[in-house]
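Following: one structure in structure tokens, then a few remarks.
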Amino acid sequence: MPMPNNWMPVAEPDIGELEEAYLLKAYRSGWISSLGEYVSTFEKSFAGFCEAEYGVAVANGTVALHLALLAARIGQGDEVIVPALTFVASAAAVKYVGATPIFIDCEPEIGTMSADAVAKAITPRTRAIIPVHTYGHPADMEPIMALADKHDLVVIEDAAEAHGARYKGRRVGGIGHMGIFSFYGNKLITTGEGGMVVTNNPAFVERIRLLKDHAMDPARRYWHEEVGFNYRMTNLQAAIGCAQLERFDEIVAKRQAVIGTYRAALSGHGIAINPVRPWAEPAPWLVCAVLPSDWSGAKRDALMVALRSKSIDSRPYFNLLCDMPPYRPEACTPNSDGDCAVARSLALRGLNLPSSTSLTKEMVSHVAAEFLQAMDNVASSGE
Ligand SMILES: *Cc1c(COP(=O)(O)O)cnc(C)c1O
């Protein structure tokens, strides 16, 4: 559908001259496939950024999860604990390896996996936990790691939305046994399509490097002891990634400013803007607006339609994965709050607003004013 030229999308990549310069250098070098110096530079610098030992660049965040699960030897008959409120890739990768995702409830407001719900979901078949740093806010890793230690489980952080976020001072991604990132075009930093696994464990690195490159025997060309994949990142993508990483502080500062303006304009009206726990330094990914508790999903959707008529894009929060056909058989683990009641309420009241670094203070103030107007209109229309 053609959009009016004053259309304000939720997220646009912030790419400029540095990205162009590195990309052109990679292109002119002739190393346009997955060999080339930008790939190893990006791996090293991104791992360092995450305060982790190793980084392995891959084609996207979804295959990063797939490889992490394979490296942890998760498969048929295993259960993996996944938050119900997340992007589908967190659970799809569990299905790829033939394991069963067990969906659990989240923390109020911030929407990350509840450690109490993890404790209740552990069975003798549980092999791994995938905490997701949802919408850039770190999950409460300390109790999750303690449970993992106690029950000998692998923790794979899904940090696809949380580049640079800190949990109690530590960068996310390197806290669990492995962490995965996405560099899709709408993420905080991007390579167009791309992903990374970070870890401190050299055995995982070796396994992931083998599997992402057709499982070709490193000592014998065109010899394959098992079935592998082509999950490689190109040097062209890595060149963009190196530039994005150098510009990380600049991108974050601009996004923080956007969130700050929304917060000042909206939080006095019963709307939570990017709620934060005291121990967290979230990544300023998308602007998250959580409507008051008496708002229904239908009213939230009417609000989004009203914004759209003003050329303002918005997105609903994720739907609960356990409601969707491929994931339904593994229904939410019942807990004291009922079936993922916290996540269910949040999923219906949350929406993402225009978040790009290109937004000026005036533009954000305009969106905030239209948002309040639309809220009033929807509330008085009595839906
Ligand atoms: C974006 C995202 C992914 C997948 O990343 P792709 O690079 O798009 O494959 C995985 N998990 C979460 C939580 C995401 O938001």
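Residue numbering restarts at 1 for every chain of the structure tokens, chains are lettered A, B, ... in their displayed order, and ligands are numbered from 1 as they appear.
With only C-alpha atoms and all ligand atoms as the atoms that count, the set of residues no farther than 7 Å from ligand 1 is Asn60, Gly61, Thr62, Val63, Thr86, Phe87, Ala89, Ser90, Val132, Thr134, Asp158, Ala159, Ala160, Glu161, Ser182, Phe183, Tyr184, Glu193, Gly194 and Gly195 of chain A.
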Written file, previous selection with C-alpha atoms, as a PDB file, in the first residue's frame:
ATOM      1  CA  ASN A  60      20.150 -14.034  11.038  1.00  0.00           C
ATOM      2  CA  GLY A  61      18.964 -14.226  14.646  1.00  0.00           C
ATOM      3  CA  THR A  62      16.691 -17.196  14.057  1.00  0.00           C
ATOM      4  CA  VAL A  63      19.488 -19.450  12.812  1.00  0.00           C
ATOM      5  CA  THR A  86       8.005 -13.019  22.529  1.00  0.00           C
ATOM      6  CA  PHE A  87       8.691 -12.981  18.814  1.00  0.00           C
ATOM      7  CA  ALA A  89      11.614 -17.133  16.402  1.00  0.00           C
ATOM      8  CA  SER A  90      12.356 -17.838  20.091  1.00  0.00           C
ATOM      9  CA  VAL A 132      14.287 -13.171  26.111  1.00  0.00           C
ATOM     10  CA  THR A 134      11.919  -8.450  25.575  1.00  0.00           C
ATOM     11  CA  ASP A 158      17.655 -14.310  23.235  1.00  0.00           C
ATOM     12  CA  ALA A 159      19.096 -10.794  23.112  1.00  0.00           C
ATOM     13  CA  ALA A 160      17.841 -10.120  19.570  1.00  0.00           C
ATOM     14  CA  GLU A 161      16.124  -6.938  20.800  1.00  0.00           C
ATOM     15  CA  SER A 182      19.713 -10.279  15.466  1.00  0.00           C
ATOM     16  CA  PHE A 183      20.803  -7.511  13.099  1.00  0.00           C
ATOM     17  CA  TYR A 184      17.551  -7.357  11.123  1.00  0.00           C
ATOM     18  CA  GLU A 193      19.844  -9.418   7.759  1.00  0.00           C
ATOM     19  CA  GLY A 194      22.290 -10.950  10.217  1.00  0.00           C
ATOM     20  CA  GLY A 195      22.845 -12.564  13.567  1.00  0.00           C
TER      21      GLY A 195
END
DSSP says strand (DSSP E or B) for which residues of region 33-67 of chain A? Put them as a VMD selection string?
chain A and resid 54 to 58
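Counting only C-alpha atoms and comparing A:Ala239, A:Val342, A:Leu348, A:Val82, the residue that lies closest to Ala57 (chain A) is A:Ala239.
CA of Met8 (chain A) sits 13.6 Å away from CA of Val258 (chain A).
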Write down as a list of chain:residue names the residues of region 72-186 of chain A whose backbone DSSP state falls under helix (DSSP H, G or I).
A:Ala89, A:Ser90, A:Ala91, A:Ala92, A:Ala93, A:Val94, A:Lys95, A:Tyr96, A:Ala115, A:Asp116, A:Ala117, A:Val118, A:Ala119, A:Lys120, A:Ala121, A:Thr134, A:Tyr135, A:Gly136, A:Met141, A:Glu142, A:Pro143, A:Ile144, A:Met145, A:Ala146, A:Leu147, A:Ala148, A:Asp149, A:Lys150, A:His151
Okay, now the selection with N, CA and C atoms, as a compact mmCIF listing (two decimals), in the first residue's frame?
# COMPACT_ATOMS: atom_id res chain seq x y z
N ALA A 89 10.35 -16.43 16.64
CA ALA A 89 11.61 -17.13 16.40
C ALA A 89 12.14 -17.83 17.66
N SER A 90 11.87 -17.24 18.83
CA SER A 90 12.36 -17.84 20.09
C SER A 90 11.84 -19.27 20.26
N ALA A 91 10.63 -19.54 19.75
CA ALA A 91 10.03 -20.87 19.89
C ALA A 91 10.19 -21.70 18.62
N ALA A 92 10.21 -21.06 17.46
CA ALA A 92 10.34 -21.80 16.20
C ALA A 92 11.64 -22.60 16.20
N ALA A 93 12.72 -21.99 16.71
CA ALA A 93 14.02 -22.67 16.73
C ALA A 93 13.98 -23.92 17.60
N VAL A 94 13.18 -23.88 18.67
CA VAL A 94 13.03 -25.06 19.54
C VAL A 94 12.38 -26.19 18.74
N LYS A 95 11.39 -25.82 17.91
CA LYS A 95 10.73 -26.81 17.04
C LYS A 95 11.69 -27.37 16.00
N TYR A 96 12.59 -26.51 15.46
CA TYR A 96 13.53 -26.98 14.42
C TYR A 96 14.32 -28.20 14.91
N ALA A 115 10.91 -15.53 36.64
CA ALA A 115 11.76 -16.60 37.19
C ALA A 115 10.92 -17.56 38.03
N ASP A 116 9.89 -17.06 38.71
CA ASP A 116 8.99 -17.93 39.48
C ASP A 116 8.30 -18.93 38.56
N ALA A 117 7.89 -18.43 37.39
CA ALA A 117 7.22 -19.31 36.42
C ALA A 117 8.21 -20.33 35.86
N VAL A 118 9.48 -19.95 35.71
CA VAL A 118 10.50 -20.91 35.26
C VAL A 118 10.57 -22.05 36.27
N ALA A 119 10.67 -21.69 37.55
CA ALA A 119 10.82 -22.70 38.61
C ALA A 119 9.68 -23.71 38.55
N LYS A 120 8.45 -23.20 38.30
CA LYS A 120 7.28 -24.10 38.27
C LYS A 120 7.24 -24.96 37.02
N ALA A 121 7.92 -24.53 35.97
CA ALA A 121 7.82 -25.25 34.69
C ALA A 121 8.88 -26.35 34.53
N THR A 134 13.06 -8.91 26.36
CA THR A 134 11.92 -8.45 25.57
C THR A 134 11.88 -6.93 25.42
N TYR A 135 11.73 -6.48 24.19
CA TYR A 135 11.69 -5.05 23.87
C TYR A 135 12.88 -4.31 24.49
N GLY A 136 14.01 -5.00 24.60
CA GLY A 136 15.24 -4.34 25.06
C GLY A 136 15.47 -4.39 26.56
N MET A 141 18.12 -12.22 35.24
CA MET A 141 19.00 -13.37 34.97
C MET A 141 19.48 -14.11 36.21
N GLU A 142 19.66 -13.41 37.34
CA GLU A 142 20.25 -14.06 38.51
C GLU A 142 19.46 -15.28 38.97
N PRO A 143 18.15 -15.15 39.27
CA PRO A 143 17.39 -16.34 39.68
C PRO A 143 17.29 -17.38 38.56
N ILE A 144 17.29 -16.95 37.32
CA ILE A 144 17.21 -17.91 36.21
C ILE A 144 18.51 -18.73 36.14
N MET A 145 19.66 -18.07 36.30
CA MET A 145 20.94 -18.80 36.28
C MET A 145 21.05 -19.73 37.48
N ALA A 146 20.50 -19.30 38.63
CA ALA A 146 20.55 -20.15 39.82
C ALA A 146 19.74 -21.43 39.60
N LEU A 147 18.56 -21.29 38.99
CA LEU A 147 17.74 -22.47 38.68
C LEU A 147 18.45 -23.37 37.67
N ALA A 148 19.10 -22.75 36.69
CA ALA A 148 19.81 -23.52 35.66
C ALA A 148 20.95 -24.31 36.30
N ASP A 149 21.69 -23.68 37.21
CA ASP A 149 22.79 -24.37 37.91
C ASP A 149 22.26 -25.56 38.69
N LYS A 150 21.17 -25.29 39.42
CA LYS A 150 20.61 -26.33 40.28
C LYS A 150 20.14 -27.54 39.49
N HIS A 151 19.53 -27.30 38.30
CA HIS A 151 18.94 -28.39 37.53
C HIS A 151 19.77 -28.78 36.31
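Counting only C-alpha atoms and comparing A:Gly48, A:Val367, A:Arg263, A:His137, the residue that lies closest to Ala165 (chain A) is A:His137.
Pairwise distance (CA of Asn6 (chain A), CA of Asn274 (chain A)) equals 25.3 Å.
Across the structure, CA of Leu69 (chain A) and CA of Met178 (chain A) are spaced 9.4 Å apart.
Minimum atom-to-atom distance to Cys106 (chain A), evaluated using only C-alpha atoms, belongs to A:Arg344 out of A:Arg344, A:Ala379, A:Glu17, A:Glu79.
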Nearest-residue call for Ser314 (chain A), choices A:Glu281, A:Val290, A:Ile156, A:Asn352, using only C-alpha atoms
A:Asn352
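Among the candidates A:Pro282, A:Pro354, A:Gly176, A:Gly30, the residue lying nearest to Ile312 (chain A) is A:Pro354 (atoms considered: only C-alpha atoms).
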Contacts of Glu37 (chain A) at 10 Å or less, counting only C-alpha atoms, minus same-chain residues fewer than 2 places along, as a VMD selection string?
chain A and resid 26 29 31 34 to 35 39 to 42 235 238 to 239
Export of prior selection with N, CA, C and O atoms as a PDB file, in the first residue's frame:
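Result file part-v8.pdb:
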ATOM      1  N   ALA A  26      34.471  -3.205   1.327  1.00  0.00           N
ATOM      2  CA  ALA A  26      34.283  -4.663   1.230  1.00  0.00           C
ATOM      3  C   ALA A  26      33.979  -5.046  -0.222  1.00  0.00           C
ATOM      4  O   ALA A  26      34.548  -6.005  -0.755  1.00  0.00           O
ATOM      5  N   SER A  29      36.995  -4.815  -2.450  1.00  0.00           N
ATOM      6  CA  SER A  29      38.018  -5.823  -2.148  1.00  0.00           C
ATOM      7  C   SER A  29      37.744  -7.127  -2.896  1.00  0.00           C
ATOM      8  O   SER A  29      38.612  -7.981  -3.006  1.00  0.00           O
ATOM      9  N   TRP A  31      35.835  -9.379  -1.796  1.00  0.00           N
ATOM     10  CA  TRP A  31      35.397 -10.368  -0.798  1.00  0.00           C
ATOM     11  C   TRP A  31      33.954 -10.074  -0.422  1.00  0.00           C
ATOM     12  O   TRP A  31      33.675  -9.523   0.639  1.00  0.00           O
ATOM     13  N   SER A  34      31.185 -14.855   2.203  1.00  0.00           N
ATOM     14  CA  SER A  34      31.324 -14.931   3.657  1.00  0.00           C
ATOM     15  C   SER A  34      32.769 -15.029   4.148  1.00  0.00           C
ATOM     16  O   SER A  34      33.002 -15.093   5.348  1.00  0.00           O
ATOM     17  N   LEU A  35      33.737 -15.008   3.222  1.00  0.00           N
ATOM     18  CA  LEU A  35      35.134 -14.850   3.656  1.00  0.00           C
ATOM     19  C   LEU A  35      35.461 -13.367   3.547  1.00  0.00           C
ATOM     20  O   LEU A  35      34.930 -12.681   2.698  1.00  0.00           O
ATOM     21  N   VAL A  39      34.153  -9.881   8.532  1.00  0.00           N
ATOM     22  CA  VAL A  39      33.419 -10.889   9.308  1.00  0.00           C
ATOM     23  C   VAL A  39      34.140 -11.164  10.633  1.00  0.00           C
ATOM     24  O   VAL A  39      33.526 -11.083  11.711  1.00  0.00           O
ATOM     25  N   SER A  40      35.449 -11.413  10.567  1.00  0.00           N
ATOM     26  CA  SER A  40      36.158 -11.715  11.823  1.00  0.00           C
ATOM     27  C   SER A  40      36.286 -10.469  12.702  1.00  0.00           C
ATOM     28  O   SER A  40      36.222 -10.565  13.930  1.00  0.00           O
ATOM     29  N   THR A  41      36.446  -9.298  12.070  1.00  0.00           N
ATOM     30  CA  THR A  41      36.497  -8.062  12.869  1.00  0.00           C
ATOM     31  C   THR A  41      35.172  -7.847  13.599  1.00  0.00           C
ATOM     32  O   THR A  41      35.152  -7.514  14.796  1.00  0.00           O
ATOM     33  N   PHE A  42      34.076  -8.058  12.882  1.00  0.00           N
ATOM     34  CA  PHE A  42      32.757  -7.863  13.496  1.00  0.00           C
ATOM     35  C   PHE A  42      32.548  -8.866  14.632  1.00  0.00           C
ATOM     36  O   PHE A  42      32.056  -8.506  15.707  1.00  0.00           O
ATOM     37  N   ASN A 235      30.525 -10.862   4.084  1.00  0.00           N
ATOM     38  CA  ASN A 235      31.457  -9.782   4.414  1.00  0.00           C
ATOM     39  C   ASN A 235      30.804  -8.411   4.209  1.00  0.00           C
ATOM     40  O   ASN A 235      31.126  -7.452   4.917  1.00  0.00           O
ATOM     41  N   ALA A 238      28.773  -7.810   7.279  1.00  0.00           N
ATOM     42  CA  ALA A 238      29.662  -7.558   8.414  1.00  0.00           C
ATOM     43  C   ALA A 238      30.273  -6.151   8.335  1.00  0.00           C
ATOM     44  O   ALA A 238      30.494  -5.506   9.366  1.00  0.00           O
ATOM     45  N   ALA A 239      30.525  -5.674   7.116  1.00  0.00           N
ATOM     46  CA  ALA A 239      31.071  -4.315   6.954  1.00  0.00           C
ATOM     47  C   ALA A 239      30.088  -3.294   7.523  1.00  0.00           C
ATOM     48  O   ALA A 239      30.477  -2.379   8.266  1.00  0.00           O
TER      49      ALA A 239
END
List as JSON, numbers by chain the protein and nucleic acid residues near Leu303 (chain A), meaning an atom at most 6 Å away when only C-alpha atoms are counted, but skip any in the same chain fewer than 3 places from it.
{"A": [300, 306, 374]}
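Distance annotation: of A:Ile259, A:Cys50, A:Thr360, A:His224, the residue with the minimal separation from Ala162 (chain A) is A:Cys50; atom set is only C-alpha atoms.
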Would you kindly return, as a ChimeraX atom specification, each protein, DNA or RNA residue with an atom no farther than 8 Å from any atom of region 196-199 of chain A, considering only C-alpha atoms and excluding same-chain residues fewer than 4 positions away?
/A:43,47,50,52-58,60-61,64-65,68,173-174,176-182,204-205
